[in-house]
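Colleague: I have a structure I would like to understand better, so I am pasting it below and will then ask my questions one at a time.
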Amino acid sequence: MAKIFQVSARAGMTRVVEPIARALLRAGVTPNAVTVAGTVGVLVGALGFGARGHLVAGALIVTLFALTDLLDGTMARMSGGSTKFGAFLDSSMDRVADSAVFGAVAYWLATQGNHSGVAAALVCLAAGGLVSYVKARAEGLGMTCNVGIAERTERLLIVGVGGILTGLHVKPALEIALWLLAAVSIFTVGQRMTHVYRQAQQLQPDGQA
């Protein structure tokens, strides 16, 4: 099943950020510095704006700085490939940023007395962590796991659209987006576990259960 955010769209975004990546590299900026800066920007958008109910501003800031995830990867590729620490830092900062986004959303919804929305946000937080963990664990065991309908880009896009619409007074939009995201995230976990199971069966020596 294809990802929500199609490969062609990702390739188009890469072409847009390549000139920026080259300029930053020429200026001596490292991919790791961009990774950290992007995370700080997401924290400002989520905790400084989203958690206080400024949903449109928060969503736009988070989206802008989340794009650095594509920028630092492009910079790493242009400079000869990502280092092991760079890959570790990028993955770790993604988890920090995601926790801030969904934690901020859950906090704001709690201040509004929206218990269903809080539950949805917490499910998204847990399922999003599982999506990433399953991939990391599979790769740690020597298998691939680049499958799933909703990866990180798709998850942030869905919650961002919901936040903007709610900020524009389409009140149920954020809660609907969160429950939709919870569903596709859980589905993605299932896709990845199935994919890894099939690989494990193929790699299993004959005669072993």
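Naming works like this for the structure tokens: A, B, ... for the chains as they're shown, residue 1 at the start of each chain, ligands 1 onward in shown order.
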Applying 12 Å and only C-alpha atoms, which residues near Leu165 (chain A) remain after dropping the ones on its own chain fewer than 3 positions away? List them as a VMD selection string.
Modeller: chain A and resid 54 to 57 59 to 60 158 to 162 168 to 177
Colleague: List the neighbours of Asp98 (chain A) out to 10 Å using only C-alpha atoms; skip same-chain residues closer than 6 positions along the sequence, and give me the result as an MDAnalysis selection string.
Modeller: chainID A and resid 39 42:43 46 66 104 124:125 128:129 152 155:156
Colleague: Hey, what's within 7 Å of Leu130 (chain A) if we count only C-alpha atoms and toss same-chain stuff fewer than 4 positions away? As a list in words, please?
Modeller: Ala126, Val134 and Val189 of chain A
Colleague: Write out as a PyMOL selection string which residues come within 12 Å of Glu139 (chain A) when counting only C-alpha atoms, dropping same-chain ones fewer than 4 positions away.
Modeller: chain A and resi 132-135+143-146+192+196+199-200
Colleague: With only C-alpha atoms as the basis for distance, which of A:Val184, A:Gly103, A:Ala23, A:Val131 is at the shortest distance from Ala119 (chain A)?
Modeller: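 So, comparing all the options, the nearest one is A:Gly103.
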Colleague: DSSP on the backbone, then: every residue of region 108-154 of chain A marked helix (DSSP H, G or I), written as a PyMOL selection string.
Modeller: chain A and resi 108-111+115-140+152-154
Colleague: Of the residues A:Leu181, A:Val40, A:Leu70, A:Ile20, which is the one nearest to Gly117 (chain A), using only C-alpha atoms?
Modeller: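 Closest to Gly117 (chain A) of all the choices is A:Leu181.
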Colleague: Quick one: everything within 12 Å of Thr35 (chain A), counting only C-alpha atoms, minus sequence neighbours fewer than 5 positions away in the same chain. Send it as a tab-separated table (two decimals) with N, CA, C and O atoms, in the first residue's frame.
Modeller:
```tsv
chain	number	residue	atom	x	y	z
A	29	VAL	N	27.50	25.15	8.01
A	29	VAL	CA	26.48	24.58	8.90
A	29	VAL	C	26.47	23.07	8.72
A	29	VAL	O	26.47	22.57	7.58
A	30	THR	N	26.42	22.33	9.80
A	30	THR	CA	26.43	20.87	9.72
A	30	THR	C	25.00	20.31	9.75
A	30	THR	O	24.09	20.96	10.28
A	40	VAL	N	14.38	22.33	18.18
A	40	VAL	CA	14.10	23.49	19.02
A	40	VAL	C	12.91	24.28	18.44
A	40	VAL	O	12.03	24.71	19.19
A	41	GLY	N	12.88	24.44	17.13
A	41	GLY	CA	11.76	25.14	16.50
A	41	GLY	C	10.43	24.44	16.72
A	41	GLY	O	9.41	25.09	17.00
A	42	VAL	N	10.43	23.11	16.61
A	42	VAL	CA	9.21	22.35	16.87
A	42	VAL	C	8.77	22.52	18.32
A	42	VAL	O	7.56	22.69	18.60
A	65	PHE	N	9.43	23.87	10.82
A	65	PHE	CA	10.65	23.30	11.39
A	65	PHE	C	10.72	21.78	11.22
A	65	PHE	O	11.82	21.21	11.23
A	66	ALA	N	9.57	21.13	11.06
A	66	ALA	CA	9.59	19.69	10.80
A	66	ALA	C	10.21	19.39	9.45
A	66	ALA	O	10.77	18.32	9.23
A	67	LEU	N	10.14	20.36	8.52
A	67	LEU	CA	10.73	20.17	7.19
A	67	LEU	C	12.25	20.08	7.26
A	67	LEU	O	12.89	19.63	6.31
A	68	THR	N	12.85	20.51	8.38
A	68	THR	CA	14.29	20.37	8.52
A	68	THR	C	14.69	18.89	8.57
A	68	THR	O	15.87	18.57	8.34
A	69	ASP	N	13.73	18.01	8.83
A	69	ASP	CA	14.01	16.58	8.81
A	69	ASP	C	14.44	16.16	7.40
A	69	ASP	O	15.29	15.27	7.24
A	70	LEU	N	13.83	16.78	6.40
A	70	LEU	CA	14.21	16.53	5.01
A	70	LEU	C	15.50	17.28	4.67
A	70	LEU	O	16.36	16.77	3.95
A	71	LEU	N	15.65	18.48	5.22
A	71	LEU	CA	16.82	19.31	4.93
A	71	LEU	C	18.11	18.67	5.45
A	71	LEU	O	19.11	18.59	4.73
A	72	ASP	N	18.09	18.21	6.72
A	72	ASP	CA	19.33	17.64	7.26
A	72	ASP	C	19.71	16.35	6.55
A	72	ASP	O	20.90	16.05	6.36
A	73	GLY	N	18.69	15.58	6.12
A	73	GLY	CA	18.99	14.37	5.37
A	73	GLY	C	19.63	14.68	4.03
A	73	GLY	O	20.56	13.98	3.58
A	74	THR	N	19.13	15.72	3.36
A	74	THR	CA	19.70	16.13	2.08
A	74	THR	C	21.13	16.63	2.26
A	74	THR	O	22.03	16.31	1.47
A	75	MET	N	21.35	17.39	3.32
A	75	MET	CA	22.71	17.89	3.61
A	75	MET	C	23.67	16.74	3.88
A	75	MET	O	24.81	16.75	3.40
A	76	ALA	N	23.21	15.75	4.63
A	76	ALA	CA	24.06	14.59	4.94
A	76	ALA	C	24.43	13.85	3.66
A	76	ALA	O	25.59	13.45	3.47
A	85	PHE	N	26.43	8.64	14.33
A	85	PHE	CA	25.90	9.55	15.36
A	85	PHE	C	24.83	10.46	14.78
A	85	PHE	O	23.84	10.75	15.46
A	86	GLY	N	25.01	10.90	13.53
A	86	GLY	CA	24.01	11.75	12.90
A	86	GLY	C	22.67	11.05	12.79
A	86	GLY	O	21.62	11.65	13.06
A	87	ALA	N	22.69	9.78	12.39
A	87	ALA	CA	21.45	9.01	12.29
A	87	ALA	C	20.82	8.83	13.67
A	87	ALA	O	19.59	8.94	13.83
A	88	PHE	N	21.66	8.56	14.67
A	88	PHE	CA	21.17	8.40	16.05
A	88	PHE	C	20.55	9.71	16.55
A	88	PHE	O	19.47	9.72	17.14
A	89	LEU	N	21.25	10.82	16.32
A	89	LEU	CA	20.75	12.12	16.77
A	89	LEU	C	19.44	12.47	16.09
A	89	LEU	O	18.50	12.93	16.75
A	90	ASP	N	19.35	12.24	14.79
A	90	ASP	CA	18.14	12.56	14.04
A	90	ASP	C	16.95	11.79	14.58
A	90	ASP	O	15.87	12.34	14.81
A	91	SER	N	17.13	10.48	14.80
A	91	SER	CA	16.05	9.65	15.31
A	91	SER	C	15.64	10.09	16.71
A	91	SER	O	14.44	10.17	17.04
A	92	SER	N	16.61	10.39	17.55
A	92	SER	CA	16.32	10.80	18.92
A	92	SER	C	15.59	12.13	18.96
A	92	SER	O	14.62	12.31	19.72
A	93	MET	N	16.03	13.09	18.16
A	93	MET	CA	15.38	14.40	18.12
A	93	MET	C	13.96	14.31	17.55
A	93	MET	O	13.06	15.05	17.97
A	94	ASP	N	13.74	13.38	16.62
A	94	ASP	CA	12.38	13.16	16.11
A	94	ASP	C	11.44	12.73	17.23
A	94	ASP	O	10.29	13.17	17.30
A	96	VAL	N	11.80	13.38	20.44
A	96	VAL	CA	11.59	14.54	21.31
A	96	VAL	C	10.53	15.46	20.72
A	96	VAL	O	9.60	15.90	21.40
A	97	ALA	N	10.66	15.74	19.43
A	97	ALA	CA	9.73	16.64	18.76
A	97	ALA	C	8.31	16.07	18.75
A	97	ALA	O	7.34	16.78	19.04
```
Colleague: Extract, using only C-alpha atoms, all DNA, RNA and protein residues at most 8 Å from Ile186 (chain A), discarding same-chain residues fewer than 4 positions from it, and format them as a PyMOL selection string.
Modeller: chain A and resi 127+131+182+190
Colleague: Just to confirm, what's the straight-line distance from CA of Phe102 (chain A) to CA of Met13 (chain A) in Å (one decimal)?
Modeller: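 Those two atoms sit 24.8 Å apart.
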